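Enquirer: The structure file structure-v9.cif (mmCIF, C-alpha atoms and all ligand atoms) is provided below.
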data_protein
#
loop_
_atom_site.label_atom_id
_atom_site.label_comp_id
_atom_site.auth_asym_id
_atom_site.auth_seq_id
_atom_site.Cartn_x
_atom_site.Cartn_y
_atom_site.Cartn_z
CA MET A 4 10.17 5.79 -28.86
CA LYS A 5 8.83 2.33 -29.81
CA ARG A 6 8.54 0.16 -26.70
CA VAL A 7 10.95 -2.78 -26.99
CA SER A 8 9.43 -5.76 -25.23
CA SER A 9 11.56 -8.60 -23.90
CA PRO A 10 11.48 -11.90 -25.83
CA ALA A 11 9.52 -14.72 -24.19
CA SER A 12 12.73 -16.59 -23.21
CA SER A 13 13.93 -13.54 -21.24
CA VAL A 14 10.55 -13.07 -19.62
CA ILE A 15 10.38 -16.68 -18.42
CA ASP A 16 13.98 -16.47 -17.13
CA PHE A 17 13.06 -13.30 -15.22
CA LEU A 18 9.86 -14.81 -13.82
CA SER A 19 11.81 -17.86 -12.59
CA ILE A 20 13.95 -15.47 -10.54
CA VAL A 21 10.81 -13.79 -9.22
CA GLU A 22 9.50 -17.25 -8.21
CA ARG A 23 12.31 -17.48 -5.66
CA LEU A 24 10.64 -14.66 -3.70
CA LYS A 25 7.61 -16.91 -3.24
CA ARG A 26 9.90 -19.49 -1.54
CA THR A 27 12.17 -17.12 0.40
CA LYS A 28 10.82 -16.92 3.94
CA ARG A 29 11.26 -13.58 5.71
CA THR A 30 14.34 -14.02 7.91
CA GLY A 31 13.02 -11.92 10.77
CA TRP A 32 10.18 -14.39 11.37
CA VAL A 33 12.40 -17.46 10.84
CA ASN A 34 14.82 -16.09 13.47
CA SER A 35 11.86 -15.47 15.80
CA GLY A 36 10.75 -19.10 15.56
CA ILE A 37 7.48 -18.38 13.75
CA ALA A 38 5.95 -21.56 12.29
CA GLY A 39 5.20 -21.31 8.56
CA PRO A 40 6.39 -17.70 8.16
CA GLU A 41 5.42 -15.49 5.25
CA SER A 42 7.65 -15.13 2.19
CA VAL A 43 9.20 -11.98 0.75
CA ALA A 44 6.55 -12.12 -2.00
CA ASP A 45 3.77 -12.22 0.61
CA HIS A 46 5.24 -9.12 2.27
CA MET A 47 5.46 -7.18 -1.00
CA PHE A 48 1.95 -8.24 -2.03
CA ARG A 49 0.31 -6.79 1.05
CA MET A 50 2.41 -3.63 0.74
CA GLY A 51 0.99 -3.23 -2.79
CA ILE A 52 -2.54 -3.51 -1.41
CA MET A 53 -1.67 -1.01 1.34
CA ALA A 54 -0.45 1.45 -1.28
CA MET A 55 -3.84 1.16 -3.03
CA LEU A 56 -5.49 2.22 0.25
CA ILE A 57 -3.47 5.43 0.57
CA ASP A 58 -5.69 8.45 -0.06
CA ASP A 59 -3.21 11.20 -0.93
CA GLU A 60 -3.54 13.17 -4.16
CA SER A 61 0.00 14.53 -3.78
CA LEU A 62 1.40 11.04 -4.45
CA ASP A 63 1.67 9.05 -7.70
CA ARG A 64 -0.32 6.10 -6.37
CA THR A 65 0.46 3.79 -9.29
CA ARG A 66 4.17 4.47 -8.85
CA CYS A 67 3.87 3.64 -5.15
CA ILE A 68 2.14 0.32 -5.92
CA LYS A 69 4.82 -0.60 -8.46
CA MET A 70 7.59 0.39 -6.02
CA CYS A 71 6.05 -1.85 -3.34
CA ILE A 72 6.11 -4.94 -5.54
CA VAL A 73 9.73 -4.49 -6.68
CA HIS A 74 11.42 -3.00 -3.58
CA ASP A 75 12.71 -6.38 -2.25
CA LEU A 76 13.24 -7.99 -5.68
CA ALA A 77 17.02 -8.25 -5.12
CA GLU A 78 16.31 -10.67 -2.25
CA ALA A 79 15.58 -13.33 -4.88
CA LEU A 80 19.36 -13.52 -5.34
CA VAL A 81 20.89 -12.16 -2.12
CA GLY A 82 18.32 -13.42 0.38
CA ASP A 83 16.45 -11.50 3.07
CA ILE A 84 19.10 -9.71 5.15
CA THR A 85 18.03 -8.42 8.56
CA PRO A 86 19.59 -5.55 10.53
CA PHE A 87 20.98 -8.21 12.91
CA ASP A 88 22.95 -10.32 10.42
CA GLY A 89 26.22 -8.45 10.93
CA ILE A 90 26.09 -7.02 7.39
CA THR A 91 26.56 -3.24 7.17
CA LYS A 92 23.96 -1.11 5.35
CA GLU A 93 26.63 -0.27 2.78
CA GLU A 94 27.46 -3.93 2.14
CA LYS A 95 23.76 -4.82 1.97
CA ARG A 96 23.15 -2.02 -0.55
CA LYS A 97 26.15 -3.18 -2.66
CA LEU A 98 24.96 -6.81 -2.63
CA GLU A 99 21.41 -5.82 -3.54
CA ARG A 100 22.53 -3.31 -6.19
CA ASN A 101 24.58 -6.00 -7.94
CA GLY A 102 21.72 -8.46 -7.52
CA MET A 103 19.27 -6.03 -9.09
CA ARG A 104 21.61 -5.47 -12.01
CA ASP A 105 21.79 -9.23 -12.65
CA ILE A 106 18.02 -9.61 -12.32
CA VAL A 107 17.16 -6.69 -14.59
CA ASP A 108 19.78 -7.78 -17.15
CA THR A 109 17.69 -10.90 -17.81
CA LEU A 110 15.11 -8.56 -19.37
CA GLY A 111 17.65 -6.95 -21.70
CA THR A 112 17.23 -3.33 -22.74
CA SER A 113 13.44 -3.28 -22.59
CA ALA A 114 11.63 -0.25 -21.21
CA VAL A 115 10.22 -2.32 -18.35
CA ALA A 116 13.73 -3.41 -17.34
CA HIS A 117 14.68 0.24 -16.98
CA GLU A 118 11.44 0.99 -15.14
CA ILE A 119 11.99 -1.79 -12.57
CA GLU A 120 15.57 -0.73 -11.92
CA SER A 121 14.55 2.96 -11.63
CA LEU A 122 11.80 2.14 -9.14
CA TRP A 123 14.21 0.08 -7.04
CA LEU A 124 16.85 2.84 -7.05
CA GLU A 125 14.22 5.44 -6.13
CA TYR A 126 13.16 3.31 -3.16
CA GLU A 127 16.77 2.79 -2.08
CA ASP A 128 17.57 6.52 -2.31
CA SER A 129 14.38 7.32 -0.35
CA VAL A 130 14.25 10.95 -1.49
CA THR A 131 10.86 11.21 -3.28
CA SER A 132 7.56 11.37 -1.39
CA GLU A 133 6.56 8.11 -3.05
CA ALA A 134 9.71 6.35 -1.81
CA LYS A 135 9.27 7.72 1.71
CA LEU A 136 5.71 6.42 1.75
CA VAL A 137 6.83 2.97 0.57
CA HIS A 138 9.42 2.88 3.36
CA ASP A 139 6.58 3.66 5.77
CA LEU A 140 4.52 0.84 4.27
CA ASP A 141 7.50 -1.56 4.48
CA LYS A 142 7.68 -1.13 8.24
CA CYS A 143 3.94 -0.78 8.80
CA GLU A 144 3.32 -4.07 7.00
CA MET A 145 6.03 -5.66 9.12
CA ILE A 146 4.60 -4.54 12.47
CA GLN A 147 1.08 -5.55 11.44
CA GLN A 148 2.49 -9.00 10.59
CA ALA A 149 4.30 -9.02 13.94
CA MET A 150 1.04 -8.15 15.74
CA GLU A 151 -0.72 -10.95 13.85
CA TYR A 152 2.04 -13.48 14.65
CA GLU A 153 2.00 -12.45 18.33
CA LYS A 154 -1.71 -13.28 18.36
CA SER A 155 -1.48 -16.53 16.31
CA ASP A 156 1.74 -17.88 17.80
CA GLY A 157 1.39 -16.51 21.32
CA LYS A 158 4.85 -14.88 21.13
CA ARG A 159 6.24 -11.47 22.01
CA LEU A 160 8.00 -9.83 19.04
CA ASP A 161 9.08 -6.64 20.78
CA SER A 162 12.14 -5.96 18.60
CA PHE A 163 9.98 -5.27 15.54
CA PHE A 164 8.05 -2.61 17.43
CA ASN A 165 11.06 -1.16 19.25
CA SER A 166 13.09 -0.73 16.04
CA THR A 167 10.27 1.10 14.24
CA ARG A 168 8.86 3.27 17.05
CA GLY A 169 8.36 6.86 15.91
CA ILE A 170 9.73 6.36 12.37
CA PHE A 171 6.46 6.68 10.47
CA SER A 172 5.85 9.97 8.66
CA HIS A 173 2.75 9.68 6.46
CA PRO A 174 -0.37 10.68 8.48
CA GLN A 175 -2.56 7.91 7.10
CA VAL A 176 0.09 5.26 7.84
CA ARG A 177 0.52 6.69 11.33
CA SER A 178 -3.22 6.18 11.90
CA TRP A 179 -2.83 2.55 10.84
CA VAL A 180 0.15 2.12 13.17
CA GLU A 181 -1.88 3.52 16.09
CA GLU A 182 -4.59 0.92 15.38
CA ILE A 183 -1.99 -1.86 15.19
CA TYR A 184 -0.61 -0.80 18.59
CA ARG A 185 -4.15 -0.64 20.04
CA ARG A 186 -4.94 -4.16 18.85
CA ARG A 187 -1.59 -5.42 20.11
CA GLU A 188 -2.42 -4.07 23.58
CA ASP A 189 -5.85 -5.72 23.42
CA THR A 190 -4.20 -9.06 22.62
CA GLN A 191 -1.75 -8.64 25.49
CA THR A 192 -4.57 -7.71 27.87
CA GLN A 193 -6.56 -10.77 26.84
CA THR A 194 -3.47 -12.99 27.14
CA ASN A 195 -2.72 -11.67 30.64
CA SER A 196 -6.32 -11.94 31.91
N1 LIG B 201 14.01 -9.49 14.47
C1 LIG B 201 13.87 -8.38 13.74
N2 LIG B 201 13.90 -8.49 12.40
C2 LIG B 201 13.73 -7.34 11.71
C3 LIG B 201 13.57 -6.08 12.30
N3 LIG B 201 13.44 -5.15 11.32
C4 LIG B 201 13.51 -5.81 10.16
N4 LIG B 201 13.66 -7.13 10.40
C5 LIG B 201 13.72 -8.18 9.39
C6 LIG B 201 12.44 -8.30 8.60
C7 LIG B 201 12.93 -8.87 7.34
O1 LIG B 201 13.08 -10.28 7.48
C8 LIG B 201 14.31 -8.24 7.16
C9 LIG B 201 14.40 -7.01 6.27
O2 LIG B 201 13.18 -6.61 5.82
P1 LIG B 201 13.09 -5.58 4.57
O3 LIG B 201 11.64 -5.54 4.19
O4 LIG B 201 13.59 -4.27 5.11
O5 LIG B 201 13.98 -6.13 3.50
O6 LIG B 201 14.72 -7.84 8.48
C10 LIG B 201 13.57 -6.01 13.73
O7 LIG B 201 13.45 -4.95 14.34
N5 LIG B 201 13.71 -7.18 14.40
MN MN B 202 10.57 -4.95 2.54
#
Starting from the file, lay out its structure as structure tokens.
Expert:
Amino acid sequence: MKRVSSPASSVIDFLSIVERLKRTKRTGWVNSGIAGPESVADHMFRMGIMAMLIDDESLDRTRCIKMCIVHDLAEALVGDITPFDGITKEEKRKLERNGMRDIVDTLGTSAVAHEIESLWLEYEDSVTSEAKLVHDLDKCEMIQQAMEYEKSDGKRLDSFFNSTRGIFSHPQVRSWVEEIYRRREDTQTQTNS
């Protein structure tokens, strides 16, 4: 089937929506009083790099990288909703599903529009091994950022570690999480000495 590419006007409209992710600060850090917090785009970028570092031949690595960089795309329209905003998971999914539909519609019926929406739905359903890995990376990236903010801002961000304890399943990600915890303890030891 001939690939139908989106016209330039649609592409620029779509990229202007993506630009919002560069300006949308991650709510969890804003609520924690972090100065100059990362954006949603920053978070997805490092997740993409993390996916490149995964050494697992059973996974479609390229698909994982693509899933990382689209998984929070809906937040360009609905914002970055935390588990503490009083919005149910069902309502959040409905808001983000509708947001994704609006975002992808700007690209028309192109193959890439379908690909982006499919990747997002696969992440949301969290059934495939690739999606489960990207969920691991989502939380691993978050706790590494929390560890780095604890060190740079001299704060305790316990909730990020408490809410993700024991949830990681991929062995390589678990090894990264162990190292994050070790470094966090080092920082706390140095701070207390
Ligand atoms: N204070 C906390 N905030 C949290 C926690 N877990 C997630 N979050 C924040 C981080 C993001 O701002 C937002 C959702 O992130 P997604 O990548 O899942 O869209 O919620 C937590 O335990 N404490
Ligand atoms: Mn995320």
Enquirer: Region 88-101 of chain A: which residues within 12 Å, counting all atoms listed in the file, same-chain residues fewer than 2 positions away excluded, as a tab-separated table (two decimals) with C-alpha atoms, in the coordinates of the input?
Expert:
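Below you can see result06.tsv, which holds the result:
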chain	number	residue	atom	x	y	z
A	30	THR	CA	14.34	-14.02	7.91
A	31	GLY	CA	13.02	-11.92	10.77
A	34	ASN	CA	14.82	-16.09	13.47
A	74	HIS	CA	11.42	-3.00	-3.58
A	75	ASP	CA	12.71	-6.38	-2.25
A	76	LEU	CA	13.24	-7.99	-5.68
A	77	ALA	CA	17.02	-8.25	-5.12
A	78	GLU	CA	16.31	-10.67	-2.25
A	79	ALA	CA	15.58	-13.33	-4.88
A	80	LEU	CA	19.36	-13.52	-5.34
A	81	VAL	CA	20.89	-12.16	-2.12
A	82	GLY	CA	18.32	-13.42	0.38
A	83	ASP	CA	16.45	-11.50	3.07
A	84	ILE	CA	19.10	-9.71	5.15
A	85	THR	CA	18.03	-8.42	8.56
A	86	PRO	CA	19.59	-5.55	10.53
A	103	MET	CA	19.27	-6.03	-9.09
A	104	ARG	CA	21.61	-5.47	-12.01
A	105	ASP	CA	21.79	-9.23	-12.65
A	106	ILE	CA	18.02	-9.61	-12.32
A	107	VAL	CA	17.16	-6.69	-14.59
A	108	ASP	CA	19.78	-7.78	-17.15
A	120	GLU	CA	15.57	-0.73	-11.92
A	121	SER	CA	14.55	2.96	-11.63
A	123	TRP	CA	14.21	0.08	-7.04
A	124	LEU	CA	16.85	2.84	-7.05
A	126	TYR	CA	13.16	3.31	-3.16
A	127	GLU	CA	16.77	2.79	-2.08
A	128	ASP	CA	17.57	6.52	-2.31
Enquirer: Using only C-alpha atoms, find the one residue out of A:Leu18, A:Lys135, A:Trp179, A:Phe48 that sits nearest to Ile72 (chain A).
Expert: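 Once distances to Ile72 (chain A) are computed over only C-alpha atoms, the minimum belongs to A:Phe48.
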Enquirer: Which value, in Å to one decimal, gives the distance between atom C5 of ligand LIG 201 (chain B) and CA of Met150 (chain A)?
Expert: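 Interatomic distance, atom C5 of ligand LIG 201 (chain B) to CA of Met150 (chain A): 14.2 Å.
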Enquirer: One decimal, in Å: what's the spacing between atom O2 of ligand LIG 201 (chain B) and CA of His173 (chain A)?
Expert: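 Pair atom O2 of ligand LIG 201 (chain B) / CA of His173 (chain A) returns 19.4 Å.
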Enquirer: Between chain A and ligand MN 202 (chain B), at 8 Å or less, what are the per-residue closest atom pairs and their distances in Å? Count only C-alpha atoms and all ligand atoms, order by chain and rising residue number, and return it as JSON lines.
Expert:
{"residue": "A:Val43", "atom": "CA", "partner": "B:MN202", "partner_atom": "MN", "distance": 7.4}
{"residue": "A:His46", "atom": "CA", "partner": "B:MN202", "partner_atom": "MN", "distance": 6.8}
{"residue": "A:Met47", "atom": "CA", "partner": "B:MN202", "partner_atom": "MN", "distance": 6.6}
{"residue": "A:His74", "atom": "CA", "partner": "B:MN202", "partner_atom": "MN", "distance": 6.5}
{"residue": "A:Asp75", "atom": "CA", "partner": "B:MN202", "partner_atom": "MN", "distance": 5.4}
{"residue": "A:His138", "atom": "CA", "partner": "B:MN202", "partner_atom": "MN", "distance": 8.0}
{"residue": "A:Asp141", "atom": "CA", "partner": "B:MN202", "partner_atom": "MN", "distance": 5.0}
{"residue": "A:Lys142", "atom": "CA", "partner": "B:MN202", "partner_atom": "MN", "distance": 7.4}
Enquirer: Kindly save the residues from that selection, with C-alpha atoms included, as a tab-separated table (two decimals), in the frame of the given file.
Expert:
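After the write, selection_29.tsv holds the following:
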chain	number	residue	atom	x	y	z
A	43	VAL	CA	9.20	-11.98	0.75
A	46	HIS	CA	5.24	-9.12	2.27
A	47	MET	CA	5.46	-7.18	-1.00
A	74	HIS	CA	11.42	-3.00	-3.58
A	75	ASP	CA	12.71	-6.38	-2.25
A	138	HIS	CA	9.42	2.88	3.36
A	141	ASP	CA	7.50	-1.56	4.48
A	142	LYS	CA	7.68	-1.13	8.24
Enquirer: Quick one: of A:Glu182, A:Asp139, A:Asp63, A:Asp58, who's nearest to ligand LIG 201 (chain B), counting all atoms listed in the file?
Expert: A:Asp139
Enquirer: Residues within 7 Å of Phe17 (chain A), please, as a list of chain:residue names. Count all atoms listed in the file; anything in the same chain fewer than 4 positions from it doesn't count.
Expert: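 Contacts, in chain order: A:Ser13, A:Val21, A:Ile106, A:Thr109, A:Leu110.
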Enquirer: From the list A:Asp16, A:Glu153, A:Asp45, A:Asp161, which residue is nearest ligand LIG 201 (chain B) when using all atoms listed in the file?
Expert: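 When distances to ligand LIG 201 (chain B) are compared using all atoms listed in the file, the smallest one comes from A:Asp161.
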Enquirer: Kindly give the distance, in Å, that separates CA of Ile68 (chain A) and CA of Asp156 (chain A), rounded to a single decimal.
Expert: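 For CA of Ile68 (chain A) relative to CA of Asp156 (chain A), the distance reads 29.9 Å.
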Enquirer: Using all atoms listed in the file, pick whichever of A:Pro10, A:Ala134, A:Phe87, A:Lys69 has the shortest atom-to-atom distance to Ser172 (chain A).
Expert: A:Ala134
Enquirer: What are the centre and edge lengths in Å, to one decimal, of the axis-aligned box around all listed atoms of ligand LIG 201 (chain B) with 3 Å added on each side, as AutoDock Vina command-line options?
Expert:
--center_x 13.2 --center_y -7.3 --center_z 9.0 --size_x 9.1 --size_y 12.0 --size_z 17.0
Enquirer: Counting all atoms listed in the file, figure out which residue out of A:Gln193, A:Ser132, A:Ser162, A:Ser155 gets nearest to ligand LIG 201 (chain B).
Expert: A:Ser162
Enquirer: Tell me which of A:Ile57, A:Leu62, A:Ala149, A:Val176 sits closest to ligand LIG 201 (chain B), counting all atoms listed in the file.
Expert: A:Ala149
Enquirer: Could you name the residues that touch Trp32 (chain A) at 9 Å or less, counting all atoms listed in the file, but leaving out those on the same chain fewer than 4 positions away, as a tab-separated table (two decimals) with C-alpha atoms, keeping the file's coordinate frame?
Expert:
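Done, and the output landed in selection-v4.tsv:
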chain	number	residue	atom	x	y	z
A	28	LYS	CA	10.82	-16.92	3.94
A	36	GLY	CA	10.75	-19.10	15.56
A	37	ILE	CA	7.48	-18.38	13.75
A	38	ALA	CA	5.95	-21.56	12.29
A	39	GLY	CA	5.20	-21.31	8.56
A	40	PRO	CA	6.39	-17.70	8.16
A	41	GLU	CA	5.42	-15.49	5.25
A	149	ALA	CA	4.30	-9.02	13.94
A	152	TYR	CA	2.04	-13.48	14.65
Enquirer: Tell me which protein, DNA and RNA residues are within 9 Å of Ser9 (chain A), counting all atoms listed in the file, leaving out same-chain ones fewer than 3 positions away, and put them as a list in words.
Expert: Ser12, Ser13, Val14, Thr109, Leu110, Gly111, Thr112, Ser113, Ala114, Val115 and Ala116 of chain A
Enquirer: Show which residues sit within 12 Å of Thr192 (chain A), as a PyMOL selection string. Count only C-alpha atoms, and ignore same-chain residues fewer than 6 positions away.
Expert: chain A and resi 154+185-186
